[in-house]
>>> print(open('query33.txt').read())   # compact mmCIF, C-alpha atoms
# COMPACT_ATOMS: atom_id res chain seq x y z
CA MET N 1 -10.09 -39.68 -46.54
CA ASP N 2 -13.79 -40.21 -46.13
CA ASP N 3 -16.42 -37.50 -46.27
CA LYS N 4 -17.08 -35.74 -43.00
CA ALA N 5 -20.60 -35.26 -41.70
CA PRO N 6 -22.26 -31.88 -42.31
CA SER N 7 -23.57 -31.96 -38.74
CA SER N 8 -21.67 -32.93 -35.64
CA GLN N 9 -24.01 -35.83 -34.97
CA LEU N 10 -23.94 -37.38 -38.41
CA ASN N 11 -21.35 -39.00 -40.61
CA ASN N 12 -21.91 -38.97 -44.36
CA ASP N 13 -19.41 -41.70 -45.14
CA SER N 14 -21.42 -43.19 -47.93
CA VAL N 15 -22.38 -45.94 -50.26
CA SER N 16 -21.26 -47.26 -52.85
CA ASP N 17 -22.14 -45.66 -51.76
CA ALA N 18 -22.39 -48.67 -53.28
CA SER N 19 -21.77 -49.68 -53.49
CA THR N 20 -21.85 -51.86 -55.47
CA SER N 21 -24.33 -54.48 -56.15
CA SER N 22 -23.78 -57.92 -54.77
CA ALA N 23 -25.19 -60.05 -57.61
CA GLN N 24 -24.47 -57.80 -60.52
CA THR N 25 -20.99 -58.83 -61.57
CA THR N 26 -22.17 -61.80 -63.59
CA ALA N 27 -25.89 -61.18 -63.33
CA ALA N 28 -25.90 -58.42 -65.94
CA THR N 29 -24.62 -60.71 -68.68
CA ASP N 30 -26.53 -63.75 -67.47
CA THR N 31 -29.82 -61.87 -67.25
CA LYS N 32 -29.55 -60.81 -70.88
CA LYS N 33 -29.10 -64.43 -71.86
CA SER N 34 -32.26 -65.47 -70.06
CA THR N 35 -35.70 -65.23 -71.56
CA GLY N 36 -36.88 -63.23 -68.55
CA PHE N 37 -34.75 -60.12 -69.16
CA LEU N 38 -36.31 -57.12 -67.42
CA ASN N 39 -35.74 -53.65 -68.83
CA SER N 40 -37.00 -52.08 -65.61
CA ILE N 41 -34.39 -53.79 -63.43
CA ASN N 42 -31.60 -53.02 -65.88
CA HIS N 43 -32.68 -49.38 -66.10
CA PHE N 44 -32.75 -49.29 -62.31
CA ARG N 45 -29.12 -50.46 -62.22
CA GLY N 46 -28.20 -47.49 -64.40
CA ILE N 47 -30.00 -45.10 -62.08
CA ALA N 48 -28.51 -46.71 -58.98
CA ILE N 49 -24.90 -46.16 -60.08
CA ILE N 50 -25.66 -42.46 -60.52
CA PHE N 51 -26.80 -42.30 -56.89
CA ILE N 52 -23.72 -44.23 -55.82
CA VAL N 53 -21.36 -41.77 -57.49
CA MET N 54 -23.40 -38.72 -56.47
CA ALA N 55 -22.87 -39.50 -52.80
CA HIS N 56 -19.13 -38.94 -53.36
CA CYS N 57 -19.41 -35.78 -55.46
CA TYR N 58 -21.24 -33.25 -53.32
CA ARG N 59 -18.10 -31.83 -51.70
CA PRO N 60 -16.09 -31.27 -54.90
CA ALA N 61 -19.31 -29.74 -56.26
CA GLY N 62 -19.09 -27.12 -53.49
CA TRP N 63 -22.33 -28.13 -51.80
CA GLN N 64 -22.28 -27.27 -48.11
CA ILE N 65 -25.28 -28.81 -46.37
CA GLU N 66 -26.65 -25.99 -44.23
CA THR N 67 -30.28 -25.07 -44.91
CA PHE N 68 -33.32 -27.22 -44.25
CA ALA N 69 -33.85 -27.65 -48.00
CA ASP N 70 -30.22 -28.75 -48.41
CA LYS N 71 -30.64 -31.35 -45.68
CA ALA N 72 -33.86 -32.69 -47.18
CA TRP N 73 -32.36 -33.02 -50.67
CA PHE N 74 -29.25 -34.57 -49.17
CA ASN N 75 -31.28 -37.18 -47.30
CA LEU N 76 -33.07 -38.14 -50.51
CA MET N 77 -29.74 -38.42 -52.33
CA MET N 78 -27.63 -40.42 -49.87
CA ASN N 79 -27.49 -44.16 -49.12
CA GLY N 80 -28.05 -45.24 -52.71
CA THR N 81 -26.41 -48.52 -51.74
CA VAL N 82 -29.90 -49.61 -50.71
CA PHE N 83 -30.93 -49.48 -54.38
CA PHE N 84 -28.01 -51.67 -55.43
CA VAL N 85 -28.54 -54.20 -52.66
CA PHE N 86 -32.25 -54.56 -53.46
CA ILE N 87 -31.42 -55.02 -57.16
CA SER N 88 -28.76 -57.57 -56.20
CA GLY N 89 -31.27 -59.62 -54.24
CA PHE N 90 -33.79 -59.37 -57.06
CA LEU N 91 -31.23 -60.54 -59.63
CA PHE N 92 -29.98 -63.32 -57.38
CA HIS N 93 -33.38 -64.98 -57.54
CA HIS N 94 -34.16 -63.96 -61.11
CA VAL N 95 -30.86 -65.21 -62.55
CA PHE N 96 -29.46 -67.91 -60.27
CA TYR N 97 -32.38 -69.60 -58.53
CA HIS N 98 -33.21 -72.07 -61.31
CA ARG N 99 -29.59 -73.00 -62.07
CA TRP N 100 -27.98 -72.82 -58.69
CA ASP N 101 -24.38 -73.98 -58.20
CA TYR N 102 -22.77 -72.60 -55.06
CA LYS N 103 -19.23 -73.57 -56.02
CA LYS N 104 -19.43 -71.88 -59.42
CA TYR N 105 -21.19 -68.88 -57.88
CA MET N 106 -18.48 -68.24 -55.29
CA LYS N 107 -15.71 -68.92 -57.82
CA SER N 108 -17.21 -66.30 -60.11
CA LYS N 109 -17.53 -63.75 -57.29
CA THR N 110 -13.95 -64.36 -56.21
CA LYS N 111 -12.60 -63.86 -59.72
CA PHE N 112 -14.75 -60.94 -60.82
CA VAL N 113 -15.48 -59.10 -57.56
CA PHE N 114 -12.83 -59.85 -54.95
CA LEU N 115 -9.84 -60.02 -57.33
CA PRO N 116 -10.58 -56.61 -58.93
CA TYR N 117 -11.03 -55.24 -55.41
CA LEU N 118 -7.57 -56.51 -54.43
CA LEU N 119 -5.87 -55.33 -57.62
CA LEU N 120 -7.38 -51.85 -57.50
CA SER N 121 -6.78 -51.53 -53.74
CA LEU N 122 -3.14 -52.62 -53.84
CA PRO N 123 -1.58 -49.38 -55.19
CA TRP N 124 -3.35 -47.32 -52.55
CA ILE N 125 -2.52 -49.75 -49.76
CA VAL N 126 1.15 -49.43 -50.69
CA TRP N 127 0.78 -45.65 -50.84
CA HIS N 128 -0.94 -45.49 -47.46
CA ILE N 129 1.68 -47.51 -45.61
CA THR N 130 4.76 -46.01 -47.31
CA VAL N 131 4.78 -42.51 -48.79
CA GLY N 132 1.26 -41.29 -48.00
CA THR N 133 1.03 -37.60 -47.14
CA ASP N 134 -0.17 -38.63 -43.71
CA PRO N 135 0.48 -42.33 -42.98
CA MET N 136 -1.65 -42.08 -39.84
CA MET N 137 -4.57 -40.38 -41.55
CA HIS N 138 -6.58 -43.41 -40.54
CA LYS N 139 -6.34 -43.20 -36.77
CA GLU N 140 -7.71 -46.73 -36.45
CA LEU N 141 -4.20 -47.85 -37.42
CA ALA N 142 -2.58 -46.16 -34.41
CA ASP N 143 -1.81 -49.49 -32.73
CA ILE N 144 -0.78 -51.28 -35.94
CA THR N 145 2.85 -50.86 -36.91
CA ALA N 146 3.67 -53.93 -39.04
CA PRO N 147 3.08 -53.23 -42.78
CA ALA N 148 1.52 -56.66 -43.31
CA GLN N 149 -0.98 -56.04 -40.51
CA ALA N 150 -1.82 -52.60 -41.87
CA ALA N 151 -2.30 -54.00 -45.37
CA SER N 152 -4.58 -56.73 -44.00
CA TRP N 153 -6.60 -54.09 -42.15
CA TYR N 154 -7.14 -52.17 -45.39
CA VAL N 155 -8.28 -55.33 -47.19
CA ILE N 156 -10.67 -56.34 -44.40
CA THR N 157 -12.22 -52.89 -44.02
CA GLY N 158 -12.06 -51.59 -47.60
CA ARG N 159 -10.66 -48.34 -46.24
CA THR N 160 -8.33 -47.82 -49.20
CA LEU N 161 -10.78 -45.80 -51.29
CA THR N 162 -14.26 -44.40 -50.78
CA ALA N 163 -16.92 -47.01 -51.61
CA TYR N 164 -14.61 -50.03 -51.41
CA TRP N 165 -15.98 -50.86 -47.95
CA TYR N 166 -18.82 -52.61 -49.76
CA ILE N 167 -16.74 -55.52 -51.07
CA PRO N 168 -15.81 -57.17 -47.73
CA MET N 169 -19.48 -57.00 -46.75
CA GLY N 170 -20.56 -58.17 -50.20
CA MET N 171 -18.35 -61.25 -50.06
CA MET N 172 -20.01 -62.26 -46.80
CA LEU N 173 -23.38 -61.71 -48.42
CA PHE N 174 -22.39 -63.98 -51.30
CA ALA N 175 -21.28 -66.63 -48.82
CA LEU N 176 -24.76 -66.58 -47.24
CA SER N 177 -26.44 -67.51 -50.52
CA PRO N 178 -27.15 -71.17 -49.54
CA TRP N 179 -29.14 -69.85 -46.56
CA VAL N 180 -30.98 -67.45 -48.87
CA MET N 181 -31.79 -70.35 -51.21
CA TYR N 182 -33.13 -72.27 -48.21
CA LEU N 183 -35.41 -69.34 -47.31
CA ILE N 184 -36.67 -69.12 -50.89
CA LYS N 185 -37.56 -72.80 -50.99
CA ARG N 186 -39.22 -72.65 -47.56
CA GLN N 187 -40.99 -69.38 -48.48
CA GLN N 188 -39.68 -67.76 -45.32
CA LEU N 189 -38.00 -64.65 -46.77
CA LEU N 190 -40.32 -62.12 -45.15
CA TYR N 191 -40.27 -63.97 -41.83
CA TYR N 192 -36.62 -63.00 -41.60
CA ALA N 193 -36.53 -59.79 -43.64
CA ILE N 194 -39.01 -57.84 -41.50
CA PRO N 195 -37.45 -58.54 -38.07
CA LEU N 196 -33.97 -57.98 -39.52
CA LEU N 197 -35.17 -54.66 -40.97
CA LEU N 198 -36.30 -53.50 -37.53
CA ILE N 199 -32.89 -54.48 -36.13
CA ALA N 200 -31.09 -52.67 -38.95
CA ILE N 201 -33.04 -49.47 -38.26
CA MET N 202 -31.63 -49.46 -34.73
CA VAL N 203 -28.14 -50.78 -35.56
CA HIS N 204 -27.43 -48.26 -38.36
CA ARG N 205 -24.40 -48.29 -40.64
CA PRO N 206 -20.99 -48.63 -38.94
CA ILE N 207 -18.66 -45.77 -38.10
CA SER N 208 -16.73 -44.89 -41.28
CA ASN N 209 -18.21 -48.11 -42.75
CA LEU N 210 -15.31 -50.08 -41.25
CA ASN N 211 -17.29 -52.92 -39.66
CA ALA N 212 -18.29 -55.32 -42.45
CA ILE N 213 -20.39 -57.45 -40.10
CA GLN N 214 -22.45 -54.43 -39.00
CA SER N 215 -22.85 -53.41 -42.65
CA LEU N 216 -24.11 -56.91 -43.37
CA VAL N 217 -26.68 -56.65 -40.57
CA TYR N 218 -27.80 -53.31 -42.01
CA PHE N 219 -28.16 -54.35 -45.65
CA LEU N 220 -29.16 -58.02 -45.35
CA PRO N 221 -32.92 -57.31 -44.94
CA VAL N 222 -32.83 -55.12 -48.05
CA TYR N 223 -31.24 -57.98 -49.98
CA LEU N 224 -33.88 -60.42 -48.73
CA LEU N 225 -36.63 -58.00 -49.76
CA GLY N 226 -35.11 -57.87 -53.23
CA VAL N 227 -35.08 -61.67 -53.41
CA TRP N 228 -38.71 -61.76 -52.25
CA GLY N 229 -39.61 -59.11 -54.84
CA SER N 230 -38.35 -61.30 -57.66
CA ALA N 231 -39.91 -64.48 -56.28
CA HIS N 232 -43.28 -62.72 -55.89
CA ARG N 233 -43.34 -60.32 -58.81
CA ASP N 234 -46.99 -61.21 -59.37
CA LYS N 235 -47.77 -59.68 -55.97
CA LEU N 236 -45.17 -56.90 -55.80
CA PHE N 237 -45.66 -55.16 -59.14
CA PRO N 238 -49.45 -54.72 -58.95
CA PHE N 239 -49.06 -53.42 -55.38
CA ILE N 240 -46.40 -50.83 -56.15
CA ASP N 241 -48.19 -49.82 -59.35
CA ARG N 242 -51.23 -48.97 -57.26
CA TYR N 243 -49.54 -47.35 -54.27
CA TRP N 244 -46.37 -45.74 -55.68
CA LEU N 245 -47.60 -42.18 -55.10
CA PRO N 246 -48.41 -42.66 -51.37
CA MET N 247 -45.05 -44.42 -50.99
CA LEU N 248 -43.29 -41.50 -52.68
CA LEU N 249 -44.97 -39.02 -50.36
CA ALA N 250 -44.08 -41.19 -47.35
CA GLY N 251 -40.43 -41.36 -48.47
CA ILE N 252 -40.25 -37.58 -48.90
CA ALA N 253 -41.90 -37.13 -45.50
CA LEU N 254 -39.24 -39.32 -43.86
CA ALA N 255 -36.49 -37.23 -45.51
CA LEU N 256 -38.11 -34.04 -44.23
CA ILE N 257 -38.57 -35.43 -40.72
CA GLN N 258 -34.95 -36.51 -40.59
CA ALA N 259 -33.80 -33.10 -41.88
CA HIS N 260 -35.81 -31.34 -39.17
CA TYR N 261 -34.98 -33.53 -36.18
CA PHE N 262 -31.74 -35.38 -36.93
CA GLY N 263 -29.94 -33.39 -39.63
CA ALA N 264 -28.49 -34.67 -42.89
CA GLY N 265 -26.90 -37.89 -44.03
CA VAL N 266 -26.39 -41.40 -42.78
CA LEU N 267 -26.11 -41.77 -39.02
CA ASN N 268 -23.06 -44.00 -38.63
CA LYS N 269 -22.57 -45.36 -35.12
CA ALA N 270 -21.29 -48.26 -33.03
CA PRO N 271 -23.63 -51.27 -33.36
CA PHE N 272 -24.84 -51.39 -29.75
CA GLU N 273 -25.01 -47.66 -29.12
CA MET N 274 -28.61 -46.71 -28.54
CA THR N 275 -29.72 -43.66 -30.46
CA VAL N 276 -32.50 -42.46 -32.77
CA PRO N 277 -33.93 -44.84 -35.39
CA ASP N 278 -32.47 -44.71 -38.87
CA LEU N 279 -35.18 -43.08 -40.98
CA MET N 280 -33.08 -43.22 -44.14
CA LEU N 281 -33.32 -47.00 -44.51
CA PRO N 282 -37.14 -47.18 -44.71
CA GLN N 283 -37.07 -44.02 -46.81
CA LYS N 284 -34.75 -45.62 -49.36
CA ILE N 285 -36.77 -48.84 -49.42
CA LEU N 286 -39.87 -46.80 -50.22
CA LEU N 287 -38.03 -44.92 -52.96
CA THR N 288 -36.73 -48.23 -54.30
CA LEU N 289 -40.29 -49.44 -54.77
CA VAL N 290 -41.38 -46.10 -56.25
CA ILE N 291 -38.58 -46.09 -58.84
CA LEU N 292 -39.27 -49.73 -59.68
CA ALA N 293 -42.98 -49.00 -60.13
CA ILE N 294 -42.29 -46.07 -62.46
CA LEU N 295 -39.71 -47.99 -64.49
CA ASN N 296 -42.08 -50.95 -64.76
CA LYS N 297 -44.55 -48.70 -66.57
CA PHE N 298 -41.94 -48.43 -69.34
CA GLU N 299 -40.90 -52.08 -69.30
CA HIS N 300 -41.55 -52.31 -73.05
CA ILE N 301 -39.06 -49.52 -73.80
CA SER N 302 -35.27 -49.88 -73.88
CA ILE N 303 -33.68 -46.65 -72.66
CA LYS N 304 -30.24 -46.87 -74.23
CA PRO N 305 -28.31 -44.48 -71.92
CA LEU N 306 -29.52 -46.36 -68.84
CA GLN N 307 -28.88 -49.72 -70.50
CA LYS N 308 -25.29 -48.69 -71.24
CA LEU N 309 -24.80 -47.42 -67.68
CA ALA N 310 -26.24 -50.65 -66.34
CA ASP N 311 -23.85 -52.73 -68.44
CA VAL N 312 -20.83 -50.82 -67.13
CA SER N 313 -22.16 -50.04 -63.64
CA PHE N 314 -19.87 -52.40 -61.77
CA ALA N 315 -16.80 -51.03 -63.56
CA ILE N 316 -17.95 -47.48 -62.79
CA TYR N 317 -18.26 -48.47 -59.15
CA PHE N 318 -14.64 -49.68 -59.09
CA ILE N 319 -13.22 -46.79 -61.13
CA HIS N 320 -14.97 -43.68 -59.81
CA PRO N 321 -13.23 -43.64 -56.37
CA TRP N 322 -9.92 -43.29 -58.25
CA ILE N 323 -11.33 -39.95 -59.45
CA THR N 324 -13.17 -38.72 -56.35
CA THR N 325 -10.91 -39.92 -53.51
CA PRO N 326 -7.26 -39.04 -54.28
CA TRP N 327 -7.71 -35.27 -53.99
CA TRP N 328 -8.96 -35.87 -50.45
CA MET N 329 -5.96 -37.98 -49.52
CA ILE N 330 -3.26 -36.03 -51.33
CA TYR N 331 -4.45 -32.44 -50.95
CA ASP N 332 -6.58 -32.86 -47.80
CA SER N 333 -9.34 -30.86 -49.47
CA PRO N 334 -12.16 -31.59 -51.88
CA ASP N 335 -12.19 -28.04 -53.22
CA LEU N 336 -9.92 -28.45 -56.23
CA LEU N 337 -12.58 -26.84 -58.44
CA GLY N 338 -12.88 -23.73 -56.26
CA LEU N 339 -16.62 -24.19 -55.73
CA ALA N 340 -16.72 -24.24 -51.91
CA GLY N 341 -19.95 -22.71 -50.67
CA GLN N 342 -21.28 -22.08 -54.17
CA GLY N 343 -22.74 -25.49 -54.86
CA ASN N 344 -26.13 -27.14 -54.52
CA ILE N 345 -27.95 -30.26 -55.64
CA LEU N 346 -27.67 -29.10 -59.28
CA THR N 347 -23.88 -28.62 -59.25
CA THR N 348 -23.60 -31.97 -57.47
CA LEU N 349 -25.56 -33.65 -60.27
CA ILE N 350 -23.37 -31.98 -62.91
CA VAL N 351 -20.12 -33.08 -61.23
CA THR N 352 -21.63 -36.56 -60.78
CA LEU N 353 -22.44 -36.90 -64.47
CA VAL N 354 -18.92 -35.74 -65.37
CA VAL N 355 -17.36 -38.34 -63.03
CA VAL N 356 -19.70 -41.04 -64.37
CA ALA N 357 -18.79 -40.11 -67.95
CA ILE N 358 -15.04 -40.20 -67.23
CA SER N 359 -15.38 -43.51 -65.40
CA TYR N 360 -17.41 -44.91 -68.27
CA MET N 361 -14.79 -43.90 -70.84
CA ILE N 362 -12.00 -45.38 -68.74
CA ALA N 363 -13.96 -48.62 -68.45
CA ILE N 364 -14.50 -48.74 -72.22
CA LEU N 365 -10.78 -48.13 -72.80
CA ILE N 366 -9.76 -50.88 -70.37
CA LYS N 367 -12.28 -53.23 -72.00
CA LYS N 368 -10.79 -52.57 -75.43
CA LEU N 369 -7.25 -53.06 -74.18
CA LEU N 370 -7.84 -56.19 -72.11
CA SER N 371 -10.93 -57.67 -73.79
CA LYS N 372 -12.44 -60.44 -71.60
CA ARG N 373 -9.53 -60.19 -69.16
CA SER N 374 -10.82 -56.78 -68.09
CA ARG N 375 -13.26 -58.58 -65.77
CA TYR N 376 -10.33 -59.51 -63.56
CA LEU N 377 -9.44 -55.84 -63.13
CA ILE N 378 -12.69 -53.87 -63.19
CA GLY N 379 -15.34 -56.60 -62.91
CA TRP N 380 -16.64 -55.98 -66.45
>>> encode(input="query33.txt", output="structure tokens")
Amino acid sequence: MDDKAPSSQLNNDSVSDASTSSAQTTAATDTKKSTGFLNSINHFRGIAIIFIVMAHCYRPAGWQIETFADKAWFNLMMNGTVFFVFISGFLFHHVFYHRWDYKKYMKSKTKFVFLPYLLLSLPWIVWHITVGTDPMMHKELADITAPAQAASWYVITGRTLTAYWYIPMGMMLFALSPWVMYLIKRQQLLYYAIPLLLIAIMVHRPISNLNAIQSLVYFLPVYLLGVWGSAHRDKLFPFIDRYWLPMLLAGIALALIQAHYFGAGVLNKAPFEMTVPDLMLPQKILLTLVILAILNKFEHISIKPLQKLADVSFAIYFIHPWITTPWWMIYDSPDLLGLAGQGNILTTLIVTLVVVAISYMIAILIKKLLSKRSRYLIGW
């Protein structure tokens, strides 16, 4: 079961939250092999996975989003997928541009992204369509009775576990890489990224994140901005180093404005429904640049905890929903810890770090048991 919105207008069905990052499955290893390894980007990957997991931990942490301060903090916390997508675009150019092979690229993504997605989704797909506590908990399946059709629906939408919605969208993003390469060579990235960003602000994320095409429309401009950022580091880094503080203040202002006028969380809606602009997308892009600017100041330093998180981030993305989602589906309540109404941003961070730590240890264990074959199961 996905998270419900704290306000009647908003749905906080989140990232990978994550999401997960679209170029990171092989990019992490490949980047380290290149002479242009960037500590700042790798550290950012470690930070991004924390935001991804945090978006799925606020309810078990007992945080009920009610006050204005809660809503503002919540808006700053949610939609961390934007961080991952920007990093993915950055790494796509940084790692693959000079040794591009579309066939090998898609083969790698199929083996180390889509296959783990299928393997980790399969047990829950079987559970949903057989002995689930409420087989119709996903009302979108009301008109689907054949098990094969229901299973296909889960694969196409990623509805099996929280955060898995990202993979169907991510595979389409991978498939668009020849077009992205064309834009890089023609130096037309911003010509497309800016108009697409304006469209994304009006389109929003899809209801319950079920529409992969709408998700692609929403995140594609962020990906293109990440690609542009890598291709034009000589322009981007001096700019954000100079203006990171005004950008931070602008990002906070957008979170406050949203909290005051629109409430908390991501506004998920039908693609052609006309409503208020999505302030969270530009807010997260601003925060992306702020975090990158700050991390770039410490480019010469290797922060080991963030490096380790970055290395295992994709596995954490795949594993953490196995920890955060089942109690929703089986017990129909996130309050297994008895913290309802007693939580806040601090308890959410604590629960997040616990879930990240458990996911990390599980990933390490699977890696030791399966060695290189673990990539087929957890992408790492």
>>> residues_around(input="query33.txt", residues="Arg186 (chain N)", least_positions_apart="6", cutoff="12 Å", atoms="only C-alpha atoms", output="list in words")
Trp179, Val180, Tyr192, Trp228 and Ala231 of chain N
>>> axis_aligned_box(input="query33.txt", around="region 113-116 of chain N", padding_each_side="3 Å", output="lines of an AutoDock Vina configuration file")
center_x = -12.7
center_y = -58.3
center_z = -56.9
size_x = 11.6
size_y = 9.4
size_z = 10.0
>>> atom_distance(input="query33.txt", atom1="CA of Lys107 (chain N)", atom2="CA of Asn209 (chain N)")
25.8 Å
>>> residues_around(input="query33.txt", residues="Phe272 (chain N)", least_positions_apart="2", cutoff="7 Å", atoms="all atoms listed in the file", output="ChimeraX atom specification")
/N:203,270,274
>>> closest_atom_pairs(input="query33.txt", of="region 229-304 of chain N", to="region 73-82 of chain N", cutoff="12 Å", atoms="all atoms listed in the file", output="tab-separated table")
residue	atom	partner	partner_atom	distance
N:Leu248	CA	N:Leu76	CA	11.0
N:Leu249	CA	N:Leu76	CA	11.9
N:Ala250	CA	N:Leu76	CA	11.9
N:Gly251	CA	N:Leu76	CA	8.3
N:Ile252	CA	N:Leu76	CA	7.4
N:Ala253	CA	N:Leu76	CA	10.2
N:Leu254	CA	N:Asn75	CA	8.9
N:Ala255	CA	N:Asn75	CA	5.5
N:Leu256	CA	N:Asn75	CA	8.1
N:Ile257	CA	N:Asn75	CA	10.0
N:Gln258	CA	N:Asn75	CA	7.7
N:Ala259	CA	N:Asn75	CA	7.2
N:His260	CA	N:Asn75	CA	11.0
N:Phe262	CA	N:Asn75	CA	10.5
N:Gly263	CA	N:Asn75	CA	8.7
N:Ala264	CA	N:Asn75	CA	5.8
N:Gly265	CA	N:Asn75	CA	5.5
N:Val266	CA	N:Asn79	CA	7.0
N:Leu267	CA	N:Asn79	CA	10.5
N:Asn268	CA	N:Asn79	CA	11.4
N:Asp278	CA	N:Asn75	CA	11.4
N:Leu279	CA	N:Asn75	CA	9.5
N:Met280	CA	N:Asn75	CA	7.1
N:Leu281	CA	N:Val82	CA	7.5
N:Pro282	CA	N:Val82	CA	9.7
N:Gln283	CA	N:Leu76	CA	8.0
N:Lys284	CA	N:Val82	CA	6.4
N:Ile285	CA	N:Val82	CA	7.0
N:Leu286	CA	N:Val82	CA	10.4
N:Leu287	CA	N:Leu76	CA	8.8
N:Thr288	CA	N:Val82	CA	7.8
N:Leu289	CA	N:Val82	CA	11.2
>>> residues_around(input="query33.txt", residues="Tyr97 (chain N)", least_positions_apart="5", cutoff="9 Å", atoms="only C-alpha atoms", output="list in words")
Phe92, Met181 and Ile184 of chain N
>>> closest_atom_pairs(input="query33.txt", of="region 233-341 of chain N", to="region 152-164 of chain N", cutoff="10 Å", atoms="only C-alpha atoms", output="Markdown table")
| residue | atom | partner | partner_atom | distance |
| --- | --- | --- | --- | --- |
| N:Tyr317 | CA | N:Ala163 | CA | 7.8 |
| N:Phe318 | CA | N:Tyr164 | CA | 7.7 |
| N:His320 | CA | N:Ala163 | CA | 9.1 |
| N:Pro321 | CA | N:Thr162 | CA | 5.7 |
| N:Trp322 | CA | N:Leu161 | CA | 7.4 |
| N:Thr324 | CA | N:Thr162 | CA | 8.0 |
| N:Thr325 | CA | N:Thr162 | CA | 6.2 |
| N:Pro326 | CA | N:Leu161 | CA | 8.2 |
| N:Met329 | CA | N:Leu161 | CA | 9.4 |
>>> closest_atom_pairs(input="query33.txt", of="region 42-151 of chain N", to="region 343-346 of chain N", cutoff="12 Å", atoms="all atoms listed in the file", output="JSON lines")
{"residue": "N:Met54", "atom": "CA", "partner": "N:Ile345", "partner_atom": "CA", "distance": 9.6}
{"residue": "N:Ala55", "atom": "CA", "partner": "N:Ile345", "partner_atom": "CA", "distance": 10.9}
{"residue": "N:Cys57", "atom": "CA", "partner": "N:Ile345", "partner_atom": "CA", "distance": 10.2}
{"residue": "N:Tyr58", "atom": "CA", "partner": "N:Ile345", "partner_atom": "CA", "distance": 7.7}
{"residue": "N:Arg59", "atom": "CA", "partner": "N:Gly343", "partner_atom": "CA", "distance": 8.5}
{"residue": "N:Pro60", "atom": "CA", "partner": "N:Gly343", "partner_atom": "CA", "distance": 8.8}
{"residue": "N:Ala61", "atom": "CA", "partner": "N:Gly343", "partner_atom": "CA", "distance": 5.6}
{"residue": "N:Gly62", "atom": "CA", "partner": "N:Gly343", "partner_atom": "CA", "distance": 4.2}
{"residue": "N:Trp63", "atom": "CA", "partner": "N:Gly343", "partner_atom": "CA", "distance": 4.1}
{"residue": "N:Gln64", "atom": "CA", "partner": "N:Gly343", "partner_atom": "CA", "distance": 7.0}
{"residue": "N:Ile65", "atom": "CA", "partner": "N:Asn344", "partner_atom": "CA", "distance": 8.4}
{"residue": "N:Glu66", "atom": "CA", "partner": "N:Asn344", "partner_atom": "CA", "distance": 10.4}
{"residue": "N:Thr67", "atom": "CA", "partner": "N:Asn344", "partner_atom": "CA", "distance": 10.7}
{"residue": "N:Ala69", "atom": "CA", "partner": "N:Ile345", "partner_atom": "CA", "distance": 10.0}
{"residue": "N:Asp70", "atom": "CA", "partner": "N:Asn344", "partner_atom": "CA", "distance": 7.5}
{"residue": "N:Lys71", "atom": "CA", "partner": "N:Ile345", "partner_atom": "CA", "distance": 10.4}
{"residue": "N:Ala72", "atom": "CA", "partner": "N:Ile345", "partner_atom": "CA", "distance": 10.6}
{"residue": "N:Trp73", "atom": "CA", "partner": "N:Ile345", "partner_atom": "CA", "distance": 7.2}
{"residue": "N:Phe74", "atom": "CA", "partner": "N:Ile345", "partner_atom": "CA", "distance": 7.9}
{"residue": "N:Asn75", "atom": "CA", "partner": "N:Ile345", "partner_atom": "CA", "distance": 11.3}
{"residue": "N:Leu76", "atom": "CA", "partner": "N:Ile345", "partner_atom": "CA", "distance": 10.7}
{"residue": "N:Met77", "atom": "CA", "partner": "N:Ile345", "partner_atom": "CA", "distance": 9.0}
{"residue": "N:Met78", "atom": "CA", "partner": "N:Ile345", "partner_atom": "CA", "distance": 11.7}
>>> closest_residue(input="query33.txt", among="N:Leu210, N:Leu295, N:Ala200, N:Ile378", to="Asp241 (chain N)", atoms="all atoms listed in the file")
N:Leu295
>>> residues_around(input="query33.txt", residues="Gln307 (chain N)", least_positions_apart="2", cutoff="9 Å", atoms="only C-alpha atoms", output="PyMOL selection string")
chain N and resi 39+42-43+45-46+302-305+309-312
>>> atom_distance(input="query33.txt", atom1="CA of Lys372 (chain N)", atom2="CA of Val126 (chain N)")
27.3 Å
>>> closest_atom_pairs(input="query33.txt", of="region 36-88 of chain N", to="region 216-223 of chain N", cutoff="8 Å", atoms="only C-alpha atoms", output="JSON lines")
{"residue": "N:Val82", "atom": "CA", "partner": "N:Val222", "partner_atom": "CA", "distance": 6.8}
{"residue": "N:Val85", "atom": "CA", "partner": "N:Tyr223", "partner_atom": "CA", "distance": 5.4}
{"residue": "N:Phe86", "atom": "CA", "partner": "N:Tyr223", "partner_atom": "CA", "distance": 5.0}
{"residue": "N:Ile87", "atom": "CA", "partner": "N:Tyr223", "partner_atom": "CA", "distance": 7.8}
{"residue": "N:Ser88", "atom": "CA", "partner": "N:Tyr223", "partner_atom": "CA", "distance": 6.7}
>>> residues_around(input="query33.txt", residues="Leu119 (chain N)", least_positions_apart="5", cutoff="10 Å", atoms="only C-alpha atoms", output="VMD selection string")
chain N and resid 114 124 376 to 378
>>> atom_distance(input="query33.txt", atom1="CA of Leu173 (chain N)", atom2="CA of Val290 (chain N)")
25.1 Å
